file entry_9.pdb (PDB, C-alpha atoms)
ATOM      1  CA  MET M   1       0.000   0.000   0.000
ATOM      2  CA  PHE M   2       2.816   2.421   0.887
ATOM      3  CA  LYS M   3       5.973   2.810  -1.119
ATOM      4  CA  LYS M   4       9.201   1.673   0.565
ATOM      5  CA  ARG M   5      11.390   4.422   2.050
ATOM      6  CA  ASP M   6      14.687   4.052   0.266
ATOM      7  CA  ASN M   7      15.602   7.534  -0.949
ATOM      8  CA  ILE M   8      15.636  10.713   1.129
ATOM      9  CA  LYS M   9      15.154  13.091  -1.808
ATOM     10  CA  GLU M  10      12.096  11.083  -2.846
ATOM     11  CA  ILE M  11      10.685  11.095   0.706
ATOM     12  CA  GLU M  12      11.068  14.878   0.944
ATOM     13  CA  GLU M  13      10.269  16.053  -2.542
ATOM     14  CA  GLY M  14       8.703  13.087  -4.262
ATOM     15  CA  LYS M  15       5.080  12.451  -5.033
ATOM     16  CA  TYR M  16       4.560   9.141  -3.215
ATOM     17  CA  LEU M  17       3.193   8.543   0.245
ATOM     18  CA  GLU M  18       5.980   6.788   2.191
ATOM     19  CA  PRO M  19       4.985   7.183   5.848
ATOM     20  CA  LYS M  20       7.461   6.406   8.610
ATOM     21  CA  PHE M  21       6.010   4.374  11.450
ATOM     22  CA  ASP M  22       8.063   4.180  14.643
ATOM     23  CA  LYS M  23       9.261   0.951  16.217
ATOM     24  CA  ASN M  24       5.790   0.448  17.699
ATOM     25  CA  GLY M  25       4.298   0.828  14.215
ATOM     26  CA  LEU M  26       2.820   4.263  14.989
ATOM     27  CA  ILE M  27       2.930   7.733  13.443
ATOM     28  CA  PRO M  28       1.916  10.898  15.361
ATOM     29  CA  VAL M  29      -1.188  12.715  14.150
ATOM     30  CA  ILE M  30      -2.452  16.257  14.676
ATOM     31  CA  ALA M  31      -6.141  17.070  14.177
ATOM     32  CA  SER M  32      -7.165  20.700  13.736
ATOM     33  CA  ASP M  33     -10.505  22.406  13.127
ATOM     34  CA  PHE M  34     -10.667  23.134   9.390
ATOM     35  CA  LYS M  35     -12.495  26.428   9.989
ATOM     36  CA  THR M  36     -10.597  27.991  12.891
ATOM     37  CA  GLY M  37      -7.212  26.256  12.824
ATOM     38  CA  VAL M  38      -7.578  25.403  16.527
ATOM     39  CA  ILE M  39      -5.701  22.191  17.338
ATOM     40  CA  LEU M  40      -8.258  19.712  18.608
ATOM     41  CA  MET M  41      -6.041  16.779  19.566
ATOM     42  CA  HIS M  42      -2.747  14.949  19.155
ATOM     43  CA  GLY M  43      -2.884  11.183  18.631
ATOM     44  CA  TYR M  44      -1.319   8.243  16.843
ATOM     45  CA  MET M  45      -2.162   5.979  13.916
ATOM     46  CA  ASN M  46      -0.900   2.627  12.741
ATOM     47  CA  ALA M  47      -0.906   1.730   9.035
ATOM     48  CA  GLU M  48      -4.402   0.242   9.201
ATOM     49  CA  SER M  49      -5.953   3.276  10.934
ATOM     50  CA  LEU M  50      -4.296   5.591   8.380
ATOM     51  CA  LYS M  51      -5.758   3.464   5.590
ATOM     52  CA  ARG M  52      -9.240   3.519   7.144
ATOM     53  CA  THR M  53      -9.047   7.292   7.631
ATOM     54  CA  ILE M  54      -8.090   7.840   3.978
ATOM     55  CA  GLU M  55     -10.808   5.497   2.725
ATOM     56  CA  THR M  56     -13.737   6.399   4.998
ATOM     57  CA  LYS M  57     -12.896  10.123   5.375
ATOM     58  CA  GLU M  58     -13.444   9.791   9.130
ATOM     59  CA  SER M  59     -10.601   9.880  11.680
ATOM     60  CA  HIS M  60      -9.382   6.510  12.906
ATOM     61  CA  TYR M  61      -6.569   6.464  15.463
ATOM     62  CA  TRP M  62      -4.600   3.838  17.333
ATOM     63  CA  SER M  63      -5.526   3.916  21.001
ATOM     64  CA  ARG M  64      -2.341   3.311  22.968
ATOM     65  CA  SER M  65      -4.280   2.841  26.223
ATOM     66  CA  ARG M  66      -6.765   0.344  24.781
ATOM     67  CA  GLU M  67      -4.316  -1.087  22.207
ATOM     68  CA  LYS M  68      -6.790  -1.124  19.354
ATOM     69  CA  ILE M  69      -8.015   0.893  16.391
ATOM     70  CA  TRP M  70     -10.268   3.669  17.568
ATOM     71  CA  HIS M  71     -12.890   5.147  15.278
ATOM     72  CA  LYS M  72     -13.114   8.627  16.814
ATOM     73  CA  GLY M  73     -16.701   9.360  17.868
ATOM     74  CA  GLN M  74     -17.788   5.722  17.989
ATOM     75  CA  ILE M  75     -18.982   6.151  21.586
ATOM     76  CA  SER M  76     -19.499   9.913  21.881
ATOM     77  CA  GLY M  77     -20.944  10.435  18.395
ATOM     78  CA  PHE M  78     -18.392  13.204  17.802
ATOM     79  CA  VAL M  79     -17.019  11.878  14.530
ATOM     80  CA  GLN M  80     -14.257  13.854  12.780
ATOM     81  CA  THR M  81     -14.999  14.281   9.081
ATOM     82  CA  ILE M  82     -11.787  14.676   7.095
ATOM     83  CA  LYS M  83     -11.446  17.792   4.963
ATOM     84  CA  GLU M  84      -7.770  17.274   4.152
ATOM     85  CA  ILE M  85      -4.851  15.074   5.182
ATOM     86  CA  ARG M  86      -1.293  16.303   4.852
ATOM     87  CA  ILE M  87       2.047  14.662   5.546
ATOM     88  CA  ASP M  88       5.233  16.439   6.542
ATOM     89  CA  ASP M  89       8.644  16.736   4.878
ATOM     90  CA  ASP M  90      10.200  13.517   6.201
ATOM     91  CA  GLN M  91       6.787  11.809   6.275
ATOM     92  CA  ASP M  92       6.856  10.970   9.972
ATOM     93  CA  SER M  93       3.800  12.952  11.073
ATOM     94  CA  VAL M  94       0.275  13.507   9.757
ATOM     95  CA  TRP M  95      -2.027  16.541   9.890
ATOM     96  CA  LEU M  96      -5.784  16.046   9.670
ATOM     97  CA  SER M  97      -7.932  19.076   8.953
ATOM     98  CA  VAL M  98     -11.349  18.023  10.247
ATOM     99  CA  ASP M  99     -14.969  19.101  10.587
ATOM    100  CA  ILE M 100     -16.559  18.359  13.970
ATOM    101  CA  GLY M 101     -19.502  20.728  13.554
ATOM    102  CA  ASN M 102     -20.488  22.014  16.983
ATOM    103  CA  GLY M 103     -19.106  18.905  18.674
ATOM    104  CA  ALA M 104     -16.187  18.168  20.961
ATOM    105  CA  SER M 105     -12.898  16.319  20.547
ATOM    106  CA  CYS M 106     -11.789  15.909  24.129
ATOM    107  CA  HIS M 107     -12.814  13.062  26.446
ATOM    108  CA  VAL M 108     -12.808  15.542  29.352
ATOM    109  CA  GLY M 109     -15.726  17.362  27.671
ATOM    110  CA  TYR M 110     -14.102  20.400  26.060
ATOM    111  CA  ARG M 111     -14.130  21.169  22.342
ATOM    112  CA  SER M 112     -10.332  20.989  22.076
ATOM    113  CA  CYS M 113      -7.968  18.858  24.147
ATOM    114  CA  PHE M 114      -5.763  21.949  24.405
ATOM    115  CA  TYR M 115      -7.889  23.915  26.884
ATOM    116  CA  ARG M 116      -5.082  25.202  29.135
ATOM    117  CA  SER M 117      -2.219  27.574  28.386
ATOM    118  CA  ILE M 118       1.225  27.688  29.959
ATOM    119  CA  PRO M 119       2.385  31.074  31.317
ATOM    120  CA  LEU M 120       5.423  32.558  29.533
ATOM    121  CA  GLY M 121       8.494  34.172  31.053
ATOM    122  CA  LYS M 122      11.072  33.470  33.746
ATOM    123  CA  ILE M 123      10.355  30.343  35.790
ATOM    124  CA  GLU M 124      10.818  30.639  39.544
ATOM    125  CA  ASN M 125      12.289  27.384  40.761
ATOM    126  CA  THR M 126      10.397  27.556  44.020
ATOM    127  CA  LYS M 127       6.954  27.483  42.394
ATOM    128  CA  PHE M 128       5.044  25.074  40.179
ATOM    129  CA  LEU M 129       3.815  26.559  36.897
ATOM    130  CA  GLU M 130       0.128  27.445  37.002
ATOM    131  CA  LEU M 131      -1.949  26.851  33.877
ATOM    132  CA  LYS M 132      -4.699  29.165  32.667
ATOM    133  CA  PHE M 133      -7.946  27.698  31.320
ATOM    134  CA  THR M 134      -8.674  28.910  27.783
ATOM    135  CA  GLU M 135     -12.003  27.054  27.594
ATOM    136  CA  LYS M 136     -14.547  27.472  30.366
ATOM    137  CA  ASN M 137     -17.488  25.342  29.348
ATOM    138  CA  LYS M 138     -17.680  21.645  28.689
ATOM    139  CA  LEU M 139     -19.803  20.636  25.711
ATOM    140  CA  PHE M 140     -20.847  17.353  27.307
ATOM    141  CA  ASP M 141     -20.716  15.454  30.585
ATOM    142  CA  PRO M 142     -18.118  12.668  30.211
ATOM    143  CA  LYS M 143     -19.790  10.546  32.912
ATOM    144  CA  LYS M 144     -23.018  10.433  30.927
ATOM    145  CA  ILE M 145     -21.343   9.721  27.592
ATOM    146  CA  TYR M 146     -18.578   7.307  28.522
ATOM    147  CA  LYS M 147     -20.257   5.605  31.502
ATOM    148  CA  ASP M 148     -17.949   2.730  32.545
ATOM    149  CA  GLU M 149     -15.332   3.174  29.810
ATOM    150  CA  PRO M 150     -11.847   3.388  31.355
ATOM    151  CA  ASN M 151     -10.222   6.828  31.316
ATOM    152  CA  PRO M 152      -7.531   6.947  28.607
ATOM    153  CA  THR M 153      -5.399   9.333  30.686
ATOM    154  CA  LYS M 154      -2.541   7.539  32.432
ATOM    155  CA  LEU M 155      -0.111   8.815  35.062
TER     156      LEU M 155
ATOM    157  CA  MET L   1      10.140  22.786  38.093
ATOM    158  CA  PHE L   2       7.177  20.549  37.114
ATOM    159  CA  LYS L   3       4.736  19.073  39.588
ATOM    160  CA  LYS L   4       4.789  15.293  39.966
ATOM    161  CA  ARG L   5       2.055  13.371  38.130
ATOM    162  CA  ASP L   6       0.248  11.492  40.862
ATOM    163  CA  ASN L   7      -3.452  12.198  40.323
ATOM    164  CA  ILE L   8      -5.363  11.840  37.060
ATOM    165  CA  LYS L   9      -8.105  14.314  37.965
ATOM    166  CA  GLU L  10      -5.428  16.882  38.766
ATOM    167  CA  ILE L  11      -3.574  16.214  35.490
ATOM    168  CA  GLU L  12      -6.760  16.674  33.465
ATOM    169  CA  GLU L  13      -8.577  19.412  35.311
ATOM    170  CA  GLY L  14      -6.018  20.895  37.642
ATOM    171  CA  LYS L  15      -4.109  24.120  37.332
ATOM    172  CA  TYR L  16      -0.544  22.823  37.448
ATOM    173  CA  LEU L  17       1.769  22.013  34.576
ATOM    174  CA  GLU L  18       2.616  18.304  34.930
ATOM    175  CA  PRO L  19       4.002  17.307  31.517
ATOM    176  CA  LYS L  20       4.476  13.662  30.617
ATOM    177  CA  PHE L  21       7.782  12.894  28.954
ATOM    178  CA  ASP L  22       8.115   9.513  27.254
ATOM    179  CA  LYS L  23      10.783   6.945  28.127
ATOM    180  CA  ASN L  24      13.261   8.906  26.020
ATOM    181  CA  GLY L  25      12.433  12.031  28.030
ATOM    182  CA  LEU L  26      10.544  13.660  25.142
ATOM    183  CA  ILE L  27       7.104  15.191  24.591
ATOM    184  CA  PRO L  28       5.624  15.765  21.091
ATOM    185  CA  VAL L  29       5.127  19.373  20.026
ATOM    186  CA  ILE L  30       2.978  20.969  17.339
ATOM    187  CA  ALA L  31       3.804  24.469  16.035
ATOM    188  CA  SER L  32       1.130  26.388  14.152
ATOM    189  CA  ASP L  33       1.042  29.848  12.583
ATOM    190  CA  PHE L  34      -0.777  32.101  15.074
ATOM    191  CA  LYS L  35      -2.444  34.065  12.257
ATOM    192  CA  THR L  36      -3.605  31.379   9.840
ATOM    193  CA  GLY L  37      -3.715  28.204  11.969
ATOM    194  CA  VAL L  38      -1.581  26.398   9.388
ATOM    195  CA  ILE L  39       0.489  23.671  11.060
ATOM    196  CA  LEU L  40       4.121  24.522  10.473
ATOM    197  CA  MET L  41       5.866  21.517  12.011
ATOM    198  CA  HIS L  42       5.732  18.592  14.416
ATOM    199  CA  GLY L  43       8.693  18.080  16.732
ATOM    200  CA  TYR L  44       9.783  17.036  20.201
ATOM    201  CA  MET L  45      11.016  18.713  23.388
ATOM    202  CA  ASN L  46      12.789  17.490  26.470
ATOM    203  CA  ALA L  47      12.243  19.222  29.828
ATOM    204  CA  GLU L  48      15.107  21.654  29.261
ATOM    205  CA  SER L  49      13.924  22.743  25.799
ATOM    206  CA  LEU L  50      10.390  23.255  27.170
ATOM    207  CA  LYS L  51      11.837  25.403  29.946
ATOM    208  CA  ARG L  52      13.921  27.460  27.502
ATOM    209  CA  THR L  53      10.892  27.940  25.224
ATOM    210  CA  ILE L  54       8.755  29.190  28.136
ATOM    211  CA  GLU L  55      11.478  31.505  29.393
ATOM    212  CA  THR L  56      12.845  32.942  26.142
ATOM    213  CA  LYS L  57       9.540  32.945  24.192
ATOM    214  CA  GLU L  58      11.367  31.364  21.255
ATOM    215  CA  SER L  59      10.876  27.735  20.190
ATOM    216  CA  HIS L  60      13.506  25.290  21.393
ATOM    217  CA  TYR L  61      13.150  21.645  20.386
ATOM    218  CA  TRP L  62      15.060  18.444  20.962
ATOM    219  CA  SER L  63      16.678  17.312  17.733
ATOM    220  CA  ARG L  64      16.417  13.523  17.614
ATOM    221  CA  SER L  65      18.797  13.325  14.648
ATOM    222  CA  ARG L  66      21.477  15.530  16.219
ATOM    223  CA  GLU L  67      20.654  14.512  19.812
ATOM    224  CA  LYS L  68      20.820  18.005  21.202
ATOM    225  CA  ILE L  69      18.700  21.029  22.049
ATOM    226  CA  TRP L  70      17.853  22.931  18.921
ATOM    227  CA  HIS L  71      17.041  26.627  19.034
ATOM    228  CA  LYS L  72      14.826  26.832  15.956
ATOM    229  CA  GLY L  73      16.195  29.401  13.520
ATOM    230  CA  GLN L  74      19.717  29.365  14.924
ATOM    231  CA  ILE L  75      21.154  28.585  11.469
ATOM    232  CA  SER L  76      18.402  29.743   9.123
ATOM    233  CA  GLY L  77      17.419  32.855  11.066
ATOM    234  CA  PHE L  78      13.790  31.733  10.981
ATOM    235  CA  VAL L  79      13.124  31.991  14.706
ATOM    236  CA  GLN L  80       9.653  31.093  15.994
ATOM    237  CA  THR L  81       8.356  33.723  18.419
ATOM    238  CA  ILE L  82       5.890  32.211  20.876
ATOM    239  CA  LYS L  83       2.445  33.772  21.045
ATOM    240  CA  GLU L  84       0.910  31.055  23.220
ATOM    241  CA  ILE L  85       1.756  27.596  24.557
ATOM    242  CA  ARG L  86      -0.987  25.125  25.398
ATOM    243  CA  ILE L  87      -0.917  21.636  26.864
ATOM    244  CA  ASP L  88      -3.480  18.921  26.251
ATOM    245  CA  ASP L  89      -5.842  17.053  28.591
ATOM    246  CA  ASP L  90      -3.436  14.331  29.764
ATOM    247  CA  GLN L  91      -0.465  16.695  29.413
ATOM    248  CA  ASP L  92       1.466  14.529  26.976
ATOM    249  CA  SER L  93       1.601  16.931  24.023
ATOM    250  CA  VAL L  94       2.294  20.628  23.557
ATOM    251  CA  TRP L  95       0.893  23.176  21.084
ATOM    252  CA  LEU L  96       2.936  26.263  20.226
ATOM    253  CA  SER L  97       1.161  29.114  18.477
ATOM    254  CA  VAL L  98       4.023  31.008  16.815
ATOM    255  CA  ASP L  99       4.898  34.049  14.752
ATOM    256  CA  ILE L 100       7.401  33.429  11.937
ATOM    257  CA  GLY L 101       6.656  36.626  10.024
ATOM    258  CA  ASN L 102       7.219  35.955   6.331
ATOM    259  CA  GLY L 103       9.725  33.213   7.094
ATOM    260  CA  ALA L 104       9.794  29.460   6.694
ATOM    261  CA  SER L 105       9.684  26.530   9.114
ATOM    262  CA  CYS L 106      10.744  23.660   6.921
ATOM    263  CA  HIS L 107      14.340  22.626   6.228
ATOM    264  CA  VAL L 108      13.309  21.712   2.664
ATOM    265  CA  GLY L 109      12.557  25.399   2.039
ATOM    266  CA  TYR L 110       8.781  25.629   2.280
ATOM    267  CA  ARG L 111       6.879  27.766   4.779
ATOM    268  CA  SER L 112       5.207  24.732   6.378
ATOM    269  CA  CYS L 113       6.612  21.209   6.679
ATOM    270  CA  PHE L 114       3.156  19.986   5.637
ATOM    271  CA  TYR L 115       3.349  20.916   1.948
ATOM    272  CA  ARG L 116       1.807  17.758   0.482
ATOM    273  CA  SER L 117      -1.706  16.355   0.833
ATOM    274  CA  ILE L 118      -2.825  12.723   0.722
ATOM    275  CA  PRO L 119      -5.662  11.867  -1.697
ATOM    276  CA  LEU L 120      -8.868  10.645  -0.020
ATOM    277  CA  GLY L 121     -11.061   7.700  -0.988
ATOM    278  CA  LYS L 122     -10.735   4.028  -1.835
ATOM    279  CA  ILE L 123      -7.139   2.821  -2.055
ATOM    280  CA  GLU L 124      -6.289   0.556  -4.976
ATOM    281  CA  ASN L 125      -3.866  -2.041  -3.721
ATOM    282  CA  THR L 126      -2.027  -2.144  -7.007
ATOM    283  CA  LYS L 127      -0.958   1.513  -6.895
ATOM    284  CA  PHE L 128       1.126   3.685  -4.583
ATOM    285  CA  LEU L 129      -0.669   6.741  -3.219
ATOM    286  CA  GLU L 130       0.303   9.921  -5.029
ATOM    287  CA  LEU L 131       0.658  13.105  -3.002
ATOM    288  CA  LYS L 132      -0.413  16.538  -4.207
ATOM    289  CA  PHE L 133       1.792  19.554  -3.511
ATOM    290  CA  THR L 134      -0.082  22.284  -1.614
ATOM    291  CA  GLU L 135       2.874  24.679  -1.648
ATOM    292  CA  LYS L 136       4.630  25.443  -4.914
ATOM    293  CA  ASN L 137       7.369  27.868  -4.022
ATOM    294  CA  LYS L 138      10.280  27.492  -1.663
ATOM    295  CA  LEU L 139      11.055  30.538   0.465
ATOM    296  CA  PHE L 140      14.752  29.792   0.573
ATOM    297  CA  ASP L 141      17.382  27.540  -0.964
ATOM    298  CA  PRO L 142      18.367  24.949   1.670
ATOM    299  CA  LYS L 143      21.797  24.408   0.074
ATOM    300  CA  LYS L 144      22.666  28.083   0.569
ATOM    301  CA  ILE L 145      21.342  28.261   4.125
ATOM    302  CA  TYR L 146      22.394  24.936   5.626
ATOM    303  CA  LYS L 147      25.593  24.370   3.584
ATOM    304  CA  ASP L 148      27.271  21.269   5.059
ATOM    305  CA  GLU L 149      24.777  20.628   7.870
ATOM    306  CA  PRO L 150      23.559  17.018   7.738
ATOM    307  CA  ASN L 151      19.987  16.509   6.543
ATOM    308  CA  PRO L 152      17.716  15.726   9.528
ATOM    309  CA  THR L 153      15.504  13.455   7.397
ATOM    310  CA  LYS L 154      16.288   9.768   7.945
ATOM    311  CA  LEU L 155      15.062   6.719   6.071
TER     312      LEU L 155
END
call {"tool": "encode", "arguments": {"input": "entry_9.pdb", "output": "structure tokens"}}
result
Amino acid sequence: MFKKRDNIKEIEEGKYLEPKFDKNGLIPVIASDFKTGVILMHGYMNAESLKRTIETKESHYWSRSREKIWHKGQISGFVQTIKEIRIDDDQDSVWLSVDIGNGASCHVGYRSCFYRSIPLGKIENTKFLELKFTEKNKLFDPKKIYKDEPNPTKL
Amino acid sequence: MFKKRDNIKEIEEGKYLEPKFDKNGLIPVIASDFKTGVILMHGYMNAESLKRTIETKESHYWSRSREKIWHKGQISGFVQTIKEIRIDDDQDSVWLSVDIGNGASCHVGYRSCFYRSIPLGKIENTKFLELKFTEKNKLFDPKKIYKDEPNPTKL
């Protein structure tokens, strides 16, 4: 399905998809809102989930916590419809530009997984860095949607 | 400098920065153009490069190919000025919203590293997938800028 990576010039400037999967068979994936450019989430795909995403035009990831292919929105209903997929220069990361309508992407309930910002400037070694919430309102109640599903967040 | 990760609720909904570095000590990082939302690059940071980025307000990454901290733009001059840094729900990926003026982010010469799109739809198993270039013009000539620097792209 994917051309073999055997020439750096071809990987960088050629016309064939030659994705690089890491030693666990995964490639990192960024999903952003096609209208606003807001980053919704960062995840991973294996070759099969990349294939399914290309073919179905809906995001499929590899869930590292559940160790299986994860059709985004299967439980929550918040499917990501693909507007465009791009690959980077050395073909070791993927960018999905997606449409989620008025839905959410984050299992905590926010629209974007990136709902907290890090303060900039000199770090005082005596204090922990305090985040600032950039989203205030959850779009859904995770307890109602996910019920007994295990939390994907790990320590 | 960073609070210890010992409580999932606190990681997800708390106010402290508690980044998760992988077993190589790295966290994946997305940089996007603060004006257009275009993803410029995907990279990695270790704790020290995250600290330097927060403090200097200029992107510092960990170069996996050179195995050292990499102040983006040190050679090319195309520094990324930080407008905002966000962290995701489980604090295992970082989003930089950056200003690169009219500059470039990609060592191949394009503004964004994501200059090729993947065609959507049914994949024919007999053919390799052909990418489509979304950027046509390089902003600089890599040979002139990087001279004898080794190419970071690996097979």
call {"tool": "closest_residue", "arguments": {"input": "entry_9.pdb", "among": "M:Leu17, M:Ala31, M:Leu120, M:Val38", "to": "Lys72 in chain M", "atoms": "only C-alpha atoms"}}
result
M:Ala31
call {"tool": "residues_near_point", "arguments": {"input": "entry_9.pdb", "point": "(-16.6, 3.9, 15.1)", "cutoff": "12 Å", "atoms": "only C-alpha atoms", "output": "compact mmCIF listing (two decimals) with C-alpha atoms, in the frame of the given file"}}
result
# COMPACT_ATOMS: atom_id res chain seq x y z
CA SER M 49 -5.95 3.28 10.93
CA ARG M 52 -9.24 3.52 7.14
CA THR M 53 -9.05 7.29 7.63
CA THR M 56 -13.74 6.40 5.00
CA GLU M 58 -13.44 9.79 9.13
CA SER M 59 -10.60 9.88 11.68
CA HIS M 60 -9.38 6.51 12.91
CA TYR M 61 -6.57 6.46 15.46
CA LYS M 68 -6.79 -1.12 19.35
CA ILE M 69 -8.02 0.89 16.39
CA TRP M 70 -10.27 3.67 17.57
CA HIS M 71 -12.89 5.15 15.28
CA LYS M 72 -13.11 8.63 16.81
CA GLY M 73 -16.70 9.36 17.87
CA GLN M 74 -17.79 5.72 17.99
CA ILE M 75 -18.98 6.15 21.59
CA SER M 76 -19.50 9.91 21.88
CA GLY M 77 -20.94 10.44 18.40
CA PHE M 78 -18.39 13.20 17.80
CA VAL M 79 -17.02 11.88 14.53
CA GLN M 80 -14.26 13.85 12.78
call {"tool": "residues_around", "arguments": {"input": "entry_9.pdb", "residues": "Ser112 in chain L", "least_positions_apart": "2", "cutoff": "9 Å", "atoms": "all atoms listed in the file", "output": "compact mmCIF listing (two decimals) with C-alpha atoms, in the coordinates of the input"}}
result
# COMPACT_ATOMS: atom_id res chain seq x y z
CA ASP M 88 5.23 16.44 6.54
CA ASP M 89 8.64 16.74 4.88
CA SER L 32 1.13 26.39 14.15
CA VAL L 38 -1.58 26.40 9.39
CA ILE L 39 0.49 23.67 11.06
CA LEU L 40 4.12 24.52 10.47
CA MET L 41 5.87 21.52 12.01
CA ALA L 104 9.79 29.46 6.69
CA SER L 105 9.68 26.53 9.11
CA CYS L 106 10.74 23.66 6.92
CA GLY L 109 12.56 25.40 2.04
CA TYR L 110 8.78 25.63 2.28
CA PHE L 114 3.16 19.99 5.64
CA TYR L 115 3.35 20.92 1.95
CA GLU L 135 2.87 24.68 -1.65
call {"tool": "interface_residues", "arguments": {"input": "entry_9.pdb", "of": "chain M", "to": "chain L", "cutoff": "6 Å", "atoms": "all atoms listed in the file", "output": "PyMOL selection string"}}
result
chain M and resi 1-2+5+15-17+37+54-55+85-90+113-114+116-118+120-122+125+128-131+153+155
call {"tool": "resolve_selection", "arguments": {"input": "entry_9.pdb", "expression": "the PyMOL selection byres ((chain M and resi 139) around 9)", "output": "PyMOL selection string"}}
result
chain M and resi 102-104+109-111+137-138+140-141
call {"tool": "axis_aligned_box", "arguments": {"input": "entry_9.pdb", "around": "range 127-137 of chain M", "padding_each_side": "6 Å", "output": "JSON"}}
result
{"center_x": -5.3, "center_y": 27.1, "center_z": 35.0, "size_x": 36.4, "size_y": 16.1, "size_z": 26.8}
call {"tool": "atom_distance", "arguments": {"input": "entry_9.pdb", "atom1": "CA of Pro19 in chain M", "atom2": "CA of Asn46 in chain M"}}
result
10.1 Å
call {"tool": "atom_distance", "arguments": {"input": "entry_9.pdb", "atom1": "CA of Pro150 in chain L", "atom2": "CA of Arg66 in chain L"}}
result
8.9 Å
call {"tool": "atom_distance", "arguments": {"input": "entry_9.pdb", "atom1": "CA of Tyr44 in chain M", "atom2": "CA of Lys23 in chain M"}}
result
12.9 Å
call {"tool": "build_atoms", "arguments": {"input": "entry_9.pdb", "residues": "range 18-31 of chain L", "atoms": "N, CA, C and O atoms", "output": "mmCIF file, in the frame of the given file"}}
result
data_model
loop_
_atom_site.group_PDB
_atom_site.id
_atom_site.type_symbol
_atom_site.label_atom_id
_atom_site.label_comp_id
_atom_site.auth_asym_id
_atom_site.auth_seq_id
_atom_site.Cartn_x
_atom_site.Cartn_y
_atom_site.Cartn_z
ATOM 1 N N GLU L 18 2.047 19.596 34.532
ATOM 2 C CA GLU L 18 2.616 18.304 34.930
ATOM 3 C C GLU L 18 2.878 17.492 33.660
ATOM 4 O O GLU L 18 2.231 16.480 33.413
ATOM 5 N N PRO L 19 3.818 17.938 32.829
ATOM 6 C CA PRO L 19 4.002 17.307 31.517
ATOM 7 C C PRO L 19 4.489 15.869 31.630
ATOM 8 O O PRO L 19 5.240 15.524 32.539
ATOM 9 N N LYS L 20 4.034 15.066 30.669
ATOM 10 C CA LYS L 20 4.476 13.662 30.617
ATOM 11 C C LYS L 20 5.523 13.516 29.524
ATOM 12 O O LYS L 20 5.228 13.712 28.343
ATOM 13 N N PHE L 21 6.730 13.174 29.916
ATOM 14 C CA PHE L 21 7.782 12.894 28.954
ATOM 15 C C PHE L 21 7.845 11.382 28.761
ATOM 16 O O PHE L 21 7.642 10.632 29.712
ATOM 17 N N ASP L 22 8.097 10.960 27.518
ATOM 18 C CA ASP L 22 8.115 9.513 27.254
ATOM 19 C C ASP L 22 9.413 8.894 27.790
ATOM 20 O O ASP L 22 10.209 9.563 28.442
ATOM 21 N N LYS L 23 9.621 7.615 27.509
ATOM 22 C CA LYS L 23 10.783 6.945 28.127
ATOM 23 C C LYS L 23 12.114 7.469 27.595
ATOM 24 O O LYS L 23 13.165 7.237 28.192
ATOM 25 N N ASN L 24 12.056 8.224 26.491
ATOM 26 C CA ASN L 24 13.261 8.906 26.020
ATOM 27 C C ASN L 24 13.359 10.334 26.568
ATOM 28 O O ASN L 24 14.243 11.095 26.169
ATOM 29 N N GLY L 25 12.404 10.692 27.436
ATOM 30 C CA GLY L 25 12.433 12.031 28.030
ATOM 31 C C GLY L 25 11.856 13.103 27.122
ATOM 32 O O GLY L 25 12.119 14.291 27.313
ATOM 33 N N LEU L 26 11.053 12.705 26.133
ATOM 34 C CA LEU L 26 10.544 13.660 25.142
ATOM 35 C C LEU L 26 9.017 13.779 25.166
ATOM 36 O O LEU L 26 8.317 12.840 25.544
ATOM 37 N N ILE L 27 8.537 14.946 24.734
ATOM 38 C CA ILE L 27 7.104 15.191 24.591
ATOM 39 C C ILE L 27 6.888 15.737 23.165
ATOM 40 O O ILE L 27 7.688 16.563 22.699
ATOM 41 N N PRO L 28 5.857 15.248 22.442
ATOM 42 C CA PRO L 28 5.624 15.765 21.091
ATOM 43 C C PRO L 28 5.062 17.192 21.105
ATOM 44 O O PRO L 28 4.317 17.556 22.016
ATOM 45 N N VAL L 29 5.455 17.949 20.093
ATOM 46 C CA VAL L 29 5.127 19.373 20.026
ATOM 47 C C VAL L 29 4.620 19.730 18.634
ATOM 48 O O VAL L 29 5.224 19.337 17.625
ATOM 49 N N ILE L 30 3.529 20.458 18.590
ATOM 50 C CA ILE L 30 2.978 20.969 17.339
ATOM 51 C C ILE L 30 3.233 22.479 17.312
ATOM 52 O O ILE L 30 2.964 23.152 18.305
ATOM 53 N N ALA L 31 3.705 23.004 16.175
ATOM 54 C CA ALA L 31 3.804 24.469 16.035
ATOM 55 C C ALA L 31 2.890 24.902 14.901
ATOM 56 O O ALA L 31 2.961 24.357 13.796
#
